[in-house]
Amino acid sequence: MTFKILRFDAQKDNRPYFQVYRHVPKPHETVLEALKDIRDQQDPSLSFRYSCREAVCGSCGMVINGRICLACRTQVGDLGANEVVIEPLPNLEIQKDLIVDLKPFWDAYRKVEPFLQAPGDVPEKGHVVAEKDMEKVFQYITCILCACCYSACPVATRDGRYVGPAALAKLYRFTLDPRDRRPFSALERVDGPDGVWGCDTVFRCNDICPKDVRPADGIEGLRRKIIAGKTKRLFRRKP
Ligand code: FES
């Protein structure tokens, strides 16, 4: 089979180019395994990220035959093609070959303070949360921060200030968590075109998320919470 892989070394290349490799995949071989074989047997300079090899660490996001996905979760045989074209994630600068600079993704993610904000000391037995409350949160907990949604987002393509689907979905996750007591001002920080109102609601993030997080649902949820919070505040005002 032909593997056409985008190559670029920021240190020495002026522009990216495709390099073609021939490789015979084993039955049920994943694209990640194929890349490792090509690197080990043909070209040790080929660079890509991976760690867990089982869709947990979020390191191996890339574009495979035009679709953003995890290389460790994509079997070569399932692509139904004799040629596999592999490119790095869009919306992020290429550092080397299939490795992109994730700094803009992480910077945006940090902006929403993606950690539990529970007041006071942690109770001796920990914070106990009812099963039914956690059910609402589970959808968002499964995010592995692979940045596939950020790369697929048309808003992130045209506006680098946009926080992006993963970060907003994470913030929504904490608003659903009964232990979290962050103030309404934390939501107001994303109440603008760089935040929830920037989303085009084209649902590309929902479409490509390899873990079915459906980040756009979280963005919609945040919008509802912001509107509800502001309405409440309006009616609380003294005449
Ligand atoms: S290698 Fe960890 S998600 Fe693919």
# chains A, B, ... in the order shown; residues from 1 in each chain; ligands from 1
>>> closest_atom_pairs(of="stretch 94-153 of chain A", to="stretch 206-221 of chain A", cutoff="12 Å", atoms="only C-alpha atoms", output="CSV")
residue,atom,partner,partner_atom,distance
A:Lys136,CA,A:Gly218,CA,10.9
A:Val137,CA,A:Gly218,CA,10.3
A:Phe138,CA,A:Val213,CA,8.9
A:Gln139,CA,A:Val213,CA,5.4
A:Tyr140,CA,A:Val213,CA,5.5
A:Ile141,CA,A:Val213,CA,8.0
A:Thr142,CA,A:Lys211,CA,6.5
A:Cys143,CA,A:Val213,CA,6.1
A:Ile144,CA,A:Lys211,CA,7.7
A:Leu145,CA,A:Lys211,CA,10.0
A:Cys146,CA,A:Pro210,CA,8.8
A:Ala147,CA,A:Cys209,CA,9.0
A:Cys148,CA,A:Cys209,CA,6.5
A:Cys149,CA,A:Cys209,CA,6.1
A:Tyr150,CA,A:Cys209,CA,9.8
A:Ser151,CA,A:Ile208,CA,9.8
A:Ala152,CA,A:Ile208,CA,7.5
A:Cys153,CA,A:Ile208,CA,9.9
>>> closest_atom_pairs(of="chain A", to="ligand 1", cutoff="9 Å", atoms="only C-alpha atoms and all ligand atoms", output="JSON lines")
{"residue": "A:Leu32", "atom": "CA", "partner": "ligand 1", "partner_atom_place_in_ligand_line": "4 (Fe)", "distance": 7.7}
{"residue": "A:Arg49", "atom": "CA", "partner": "ligand 1", "partner_atom_place_in_ligand_line": "1 (S)", "distance": 7.4}
{"residue": "A:Tyr50", "atom": "CA", "partner": "ligand 1", "partner_atom_place_in_ligand_line": "1 (S)", "distance": 4.0}
{"residue": "A:Ser51", "atom": "CA", "partner": "ligand 1", "partner_atom_place_in_ligand_line": "1 (S)", "distance": 4.4}
{"residue": "A:Cys52", "atom": "CA", "partner": "ligand 1", "partner_atom_place_in_ligand_line": "2 (Fe)", "distance": 4.0}
{"residue": "A:Arg53", "atom": "CA", "partner": "ligand 1", "partner_atom_place_in_ligand_line": "1 (S)", "distance": 3.7}
{"residue": "A:Glu54", "atom": "CA", "partner": "ligand 1", "partner_atom_place_in_ligand_line": "2 (Fe)", "distance": 5.5}
{"residue": "A:Ala55", "atom": "CA", "partner": "ligand 1", "partner_atom_place_in_ligand_line": "3 (S)", "distance": 3.5}
{"residue": "A:Val56", "atom": "CA", "partner": "ligand 1", "partner_atom_place_in_ligand_line": "3 (S)", "distance": 4.6}
{"residue": "A:Cys57", "atom": "CA", "partner": "ligand 1", "partner_atom_place_in_ligand_line": "2 (Fe)", "distance": 3.9}
{"residue": "A:Gly58", "atom": "CA", "partner": "ligand 1", "partner_atom_place_in_ligand_line": "3 (S)", "distance": 3.8}
{"residue": "A:Ser59", "atom": "CA", "partner": "ligand 1", "partner_atom_place_in_ligand_line": "2 (Fe)", "distance": 5.0}
{"residue": "A:Cys60", "atom": "CA", "partner": "ligand 1", "partner_atom_place_in_ligand_line": "4 (Fe)", "distance": 4.3}
{"residue": "A:Gly61", "atom": "CA", "partner": "ligand 1", "partner_atom_place_in_ligand_line": "4 (Fe)", "distance": 6.9}
{"residue": "A:Leu70", "atom": "CA", "partner": "ligand 1", "partner_atom_place_in_ligand_line": "4 (Fe)", "distance": 5.5}
{"residue": "A:Ala71", "atom": "CA", "partner": "ligand 1", "partner_atom_place_in_ligand_line": "4 (Fe)", "distance": 6.0}
{"residue": "A:Cys72", "atom": "CA", "partner": "ligand 1", "partner_atom_place_in_ligand_line": "4 (Fe)", "distance": 4.4}
{"residue": "A:Arg73", "atom": "CA", "partner": "ligand 1", "partner_atom_place_in_ligand_line": "4 (Fe)", "distance": 6.7}
{"residue": "A:Ile144", "atom": "CA", "partner": "ligand 1", "partner_atom_place_in_ligand_line": "3 (S)", "distance": 7.7}
{"residue": "A:Cys146", "atom": "CA", "partner": "ligand 1", "partner_atom_place_in_ligand_line": "3 (S)", "distance": 7.2}
>>> closest_residue(among="A:Leu98, A:Ala166, A:Phe3, A:Phe48", to="A:Val24", atoms="only C-alpha atoms")
A:Phe3
>>> select_by_dssp(residues="stretch 18-201 of chain A", states="helix (DSSP H, G or I)", output="PyMOL selection string")
chain A and resi 31-41+71-73+76-79+103-111+131-141+148-152+154-158+165-176+184-188+196-198
>>> residues_around(residues="A:Leu176", least_positions_apart="2", cutoff="12 Å", atoms="only C-alpha atoms", output="list in words")
Leu116, Val129, Lys132, Asp133, Met134, Glu135, Lys136, Val137, Phe138, Gln139, Tyr140, Ile141, Ala169, Lys170, Leu171, Tyr172, Arg173, Phe174, Pro178, Arg179, Asp180, Arg181, Arg182, Gly218, Gly221, Leu222 and Lys225 of chain A
>>> write_last_selection(atoms="C-alpha atoms", output="PDB file, in the first residue's frame")
ATOM      1  CA  LEU A 116     -12.445  21.608  40.491  1.00  0.00           C
ATOM      2  CA  VAL A 129     -21.400  12.931  44.735  1.00  0.00           C
ATOM      3  CA  LYS A 132     -27.362  10.668  39.240  1.00  0.00           C
ATOM      4  CA  ASP A 133     -25.400  13.941  39.453  1.00  0.00           C
ATOM      5  CA  MET A 134     -22.296  12.346  38.012  1.00  0.00           C
ATOM      6  CA  GLU A 135     -24.288  10.917  35.091  1.00  0.00           C
ATOM      7  CA  LYS A 136     -24.618  14.446  33.670  1.00  0.00           C
ATOM      8  CA  VAL A 137     -20.876  14.988  33.984  1.00  0.00           C
ATOM      9  CA  PHE A 138     -19.686  11.694  32.434  1.00  0.00           C
ATOM     10  CA  GLN A 139     -20.168  12.837  28.831  1.00  0.00           C
ATOM     11  CA  TYR A 140     -17.564  15.561  29.360  1.00  0.00           C
ATOM     12  CA  ILE A 141     -15.177  13.596  31.582  1.00  0.00           C
ATOM     13  CA  ALA A 169     -16.966  21.789  27.154  1.00  0.00           C
ATOM     14  CA  LYS A 170     -14.599  21.365  30.114  1.00  0.00           C
ATOM     15  CA  LEU A 171     -15.909  24.544  31.737  1.00  0.00           C
ATOM     16  CA  TYR A 172     -19.478  23.275  31.287  1.00  0.00           C
ATOM     17  CA  ARG A 173     -18.435  19.984  32.897  1.00  0.00           C
ATOM     18  CA  PHE A 174     -17.496  21.868  36.084  1.00  0.00           C
ATOM     19  CA  PRO A 178     -22.228  19.723  42.445  1.00  0.00           C
ATOM     20  CA  ARG A 179     -18.839  20.036  44.192  1.00  0.00           C
ATOM     21  CA  ASP A 180     -17.743  22.995  42.099  1.00  0.00           C
ATOM     22  CA  ARG A 181     -18.586  26.448  43.428  1.00  0.00           C
ATOM     23  CA  ARG A 182     -16.932  28.759  40.910  1.00  0.00           C
ATOM     24  CA  GLY A 218     -21.460  21.861  26.332  1.00  0.00           C
ATOM     25  CA  GLY A 221     -25.300  24.400  27.876  1.00  0.00           C
ATOM     26  CA  LEU A 222     -22.985  27.275  28.822  1.00  0.00           C
ATOM     27  CA  LYS A 225     -26.473  29.028  31.934  1.00  0.00           C
TER      28      LYS A 225
END
>>> decode(residues="stretch 152-186 of chain A", atoms="N, CA and C atoms", output="PDB file, in the first residue's frame")
ATOM      1  N   ALA A 152     -10.652  20.817  14.100  1.00  0.00           N
ATOM      2  CA  ALA A 152     -11.765  20.734  13.139  1.00  0.00           C
ATOM      3  C   ALA A 152     -12.622  21.988  13.153  1.00  0.00           C
ATOM      4  N   CYS A 153     -12.425  22.853  14.158  1.00  0.00           N
ATOM      5  CA  CYS A 153     -13.337  23.987  14.367  1.00  0.00           C
ATOM      6  C   CYS A 153     -13.071  25.123  13.366  1.00  0.00           C
ATOM      7  N   PRO A 154     -14.098  25.504  12.580  1.00  0.00           N
ATOM      8  CA  PRO A 154     -13.887  26.584  11.615  1.00  0.00           C
ATOM      9  C   PRO A 154     -13.666  27.944  12.285  1.00  0.00           C
ATOM     10  N   VAL A 155     -14.165  28.093  13.502  1.00  0.00           N
ATOM     11  CA  VAL A 155     -13.966  29.379  14.204  1.00  0.00           C
ATOM     12  C   VAL A 155     -12.499  29.506  14.638  1.00  0.00           C
ATOM     13  N   ALA A 156     -11.930  28.407  15.147  1.00  0.00           N
ATOM     14  CA  ALA A 156     -10.503  28.426  15.534  1.00  0.00           C
ATOM     15  C   ALA A 156      -9.625  28.665  14.311  1.00  0.00           C
ATOM     16  N   THR A 157     -10.085  28.226  13.136  1.00  0.00           N
ATOM     17  CA  THR A 157      -9.313  28.456  11.904  1.00  0.00           C
ATOM     18  C   THR A 157      -9.192  29.949  11.610  1.00  0.00           C
ATOM     19  N   ARG A 158     -10.300  30.666  11.787  1.00  0.00           N
ATOM     20  CA  ARG A 158     -10.260  32.083  11.386  1.00  0.00           C
ATOM     21  C   ARG A 158      -9.960  33.037  12.529  1.00  0.00           C
ATOM     22  N   ASP A 159     -10.052  32.560  13.784  1.00  0.00           N
ATOM     23  CA  ASP A 159      -9.836  33.469  14.907  1.00  0.00           C
ATOM     24  C   ASP A 159      -9.053  32.762  16.027  1.00  0.00           C
ATOM     25  N   GLY A 160      -7.776  33.080  16.113  1.00  0.00           N
ATOM     26  CA  GLY A 160      -6.903  32.445  17.096  1.00  0.00           C
ATOM     27  C   GLY A 160      -7.270  32.789  18.533  1.00  0.00           C
ATOM     28  N   ARG A 161      -8.137  33.790  18.722  1.00  0.00           N
ATOM     29  CA  ARG A 161      -8.511  34.157  20.097  1.00  0.00           C
ATOM     30  C   ARG A 161      -9.628  33.270  20.648  1.00  0.00           C
ATOM     31  N   TYR A 162     -10.296  32.545  19.760  1.00  0.00           N
ATOM     32  CA  TYR A 162     -11.421  31.700  20.182  1.00  0.00           C
ATOM     33  C   TYR A 162     -10.937  30.589  21.118  1.00  0.00           C
ATOM     34  N   VAL A 163     -11.635  30.432  22.236  1.00  0.00           N
ATOM     35  CA  VAL A 163     -11.219  29.469  23.260  1.00  0.00           C
ATOM     36  C   VAL A 163     -11.300  28.023  22.748  1.00  0.00           C
ATOM     37  N   GLY A 164     -12.293  27.751  21.950  1.00  0.00           N
ATOM     38  CA  GLY A 164     -12.369  26.421  21.332  1.00  0.00           C
ATOM     39  C   GLY A 164     -13.291  25.458  22.063  1.00  0.00           C
ATOM     40  N   PRO A 165     -13.718  24.411  21.354  1.00  0.00           N
ATOM     41  CA  PRO A 165     -14.727  23.485  21.886  1.00  0.00           C
ATOM     42  C   PRO A 165     -14.289  22.708  23.124  1.00  0.00           C
ATOM     43  N   ALA A 166     -13.055  22.218  23.156  1.00  0.00           N
ATOM     44  CA  ALA A 166     -12.640  21.373  24.288  1.00  0.00           C
ATOM     45  C   ALA A 166     -12.658  22.164  25.595  1.00  0.00           C
ATOM     46  N   ALA A 167     -12.122  23.389  25.547  1.00  0.00           N
ATOM     47  CA  ALA A 167     -12.053  24.208  26.759  1.00  0.00           C
ATOM     48  C   ALA A 167     -13.456  24.568  27.248  1.00  0.00           C
ATOM     49  N   LEU A 168     -14.328  24.945  26.319  1.00  0.00           N
ATOM     50  CA  LEU A 168     -15.681  25.336  26.724  1.00  0.00           C
ATOM     51  C   LEU A 168     -16.459  24.141  27.280  1.00  0.00           C
ATOM     52  N   ALA A 169     -16.289  22.992  26.650  1.00  0.00           N
ATOM     53  CA  ALA A 169     -16.966  21.789  27.154  1.00  0.00           C
ATOM     54  C   ALA A 169     -16.459  21.434  28.552  1.00  0.00           C
ATOM     55  N   LYS A 170     -15.167  21.654  28.784  1.00  0.00           N
ATOM     56  CA  LYS A 170     -14.599  21.365  30.114  1.00  0.00           C
ATOM     57  C   LYS A 170     -15.188  22.311  31.163  1.00  0.00           C
ATOM     58  N   LEU A 171     -15.313  23.594  30.790  1.00  0.00           N
ATOM     59  CA  LEU A 171     -15.909  24.544  31.737  1.00  0.00           C
ATOM     60  C   LEU A 171     -17.348  24.116  32.070  1.00  0.00           C
ATOM     61  N   TYR A 172     -18.089  23.711  31.055  1.00  0.00           N
ATOM     62  CA  TYR A 172     -19.478  23.275  31.287  1.00  0.00           C
ATOM     63  C   TYR A 172     -19.495  22.070  32.231  1.00  0.00           C
ATOM     64  N   ARG A 173     -18.521  21.175  32.041  1.00  0.00           N
ATOM     65  CA  ARG A 173     -18.435  19.984  32.897  1.00  0.00           C
ATOM     66  C   ARG A 173     -18.383  20.387  34.376  1.00  0.00           C
ATOM     67  N   PHE A 174     -17.614  21.459  34.688  1.00  0.00           N
ATOM     68  CA  PHE A 174     -17.496  21.868  36.084  1.00  0.00           C
ATOM     69  C   PHE A 174     -18.758  22.576  36.573  1.00  0.00           C
ATOM     70  N   THR A 175     -19.479  23.238  35.676  1.00  0.00           N
ATOM     71  CA  THR A 175     -20.737  23.875  36.112  1.00  0.00           C
ATOM     72  C   THR A 175     -21.785  22.817  36.460  1.00  0.00           C
ATOM     73  N   LEU A 176     -21.621  21.612  35.937  1.00  0.00           N
ATOM     74  CA  LEU A 176     -22.573  20.531  36.243  1.00  0.00           C
ATOM     75  C   LEU A 176     -22.188  19.763  37.504  1.00  0.00           C
ATOM     76  N   ASP A 177     -20.972  19.964  37.948  1.00  0.00           N
ATOM     77  CA  ASP A 177     -20.450  19.190  39.079  1.00  0.00           C
ATOM     78  C   ASP A 177     -20.917  19.837  40.393  1.00  0.00           C
ATOM     79  N   PRO A 178     -21.695  19.105  41.215  1.00  0.00           N
ATOM     80  CA  PRO A 178     -22.228  19.723  42.445  1.00  0.00           C
ATOM     81  C   PRO A 178     -21.144  20.148  43.430  1.00  0.00           C
ATOM     82  N   ARG A 179     -19.921  19.646  43.272  1.00  0.00           N
ATOM     83  CA  ARG A 179     -18.839  20.036  44.192  1.00  0.00           C
ATOM     84  C   ARG A 179     -18.251  21.391  43.829  1.00  0.00           C
ATOM     85  N   ASP A 180     -18.416  21.787  42.589  1.00  0.00           N
ATOM     86  CA  ASP A 180     -17.743  22.995  42.099  1.00  0.00           C
ATOM     87  C   ASP A 180     -18.556  24.232  42.456  1.00  0.00           C
ATOM     88  N   ARG A 181     -17.874  25.232  42.993  1.00  0.00           N
ATOM     89  CA  ARG A 181     -18.586  26.448  43.428  1.00  0.00           C
ATOM     90  C   ARG A 181     -17.993  27.688  42.761  1.00  0.00           C
ATOM     91  N   ARG A 182     -17.534  27.571  41.549  1.00  0.00           N
ATOM     92  CA  ARG A 182     -16.932  28.759  40.910  1.00  0.00           C
ATOM     93  C   ARG A 182     -18.000  29.832  40.740  1.00  0.00           C
ATOM     94  N   PRO A 183     -17.615  31.115  40.848  1.00  0.00           N
ATOM     95  CA  PRO A 183     -18.597  32.189  40.742  1.00  0.00           C
ATOM     96  C   PRO A 183     -19.093  32.372  39.300  1.00  0.00           C
ATOM     97  N   PHE A 184     -20.194  33.084  39.178  1.00  0.00           N
ATOM     98  CA  PHE A 184     -20.770  33.332  37.848  1.00  0.00           C
ATOM     99  C   PHE A 184     -19.782  34.096  36.957  1.00  0.00           C
ATOM    100  N   SER A 185     -18.884  34.857  37.578  1.00  0.00           N
ATOM    101  CA  SER A 185     -17.899  35.621  36.790  1.00  0.00           C
ATOM    102  C   SER A 185     -17.016  34.688  35.939  1.00  0.00           C
ATOM    103  N   ALA A 186     -16.862  33.432  36.363  1.00  0.00           N
ATOM    104  CA  ALA A 186     -16.067  32.474  35.578  1.00  0.00           C
ATOM    105  C   ALA A 186     -16.755  32.192  34.242  1.00  0.00           C
TER     106      ALA A 186
END
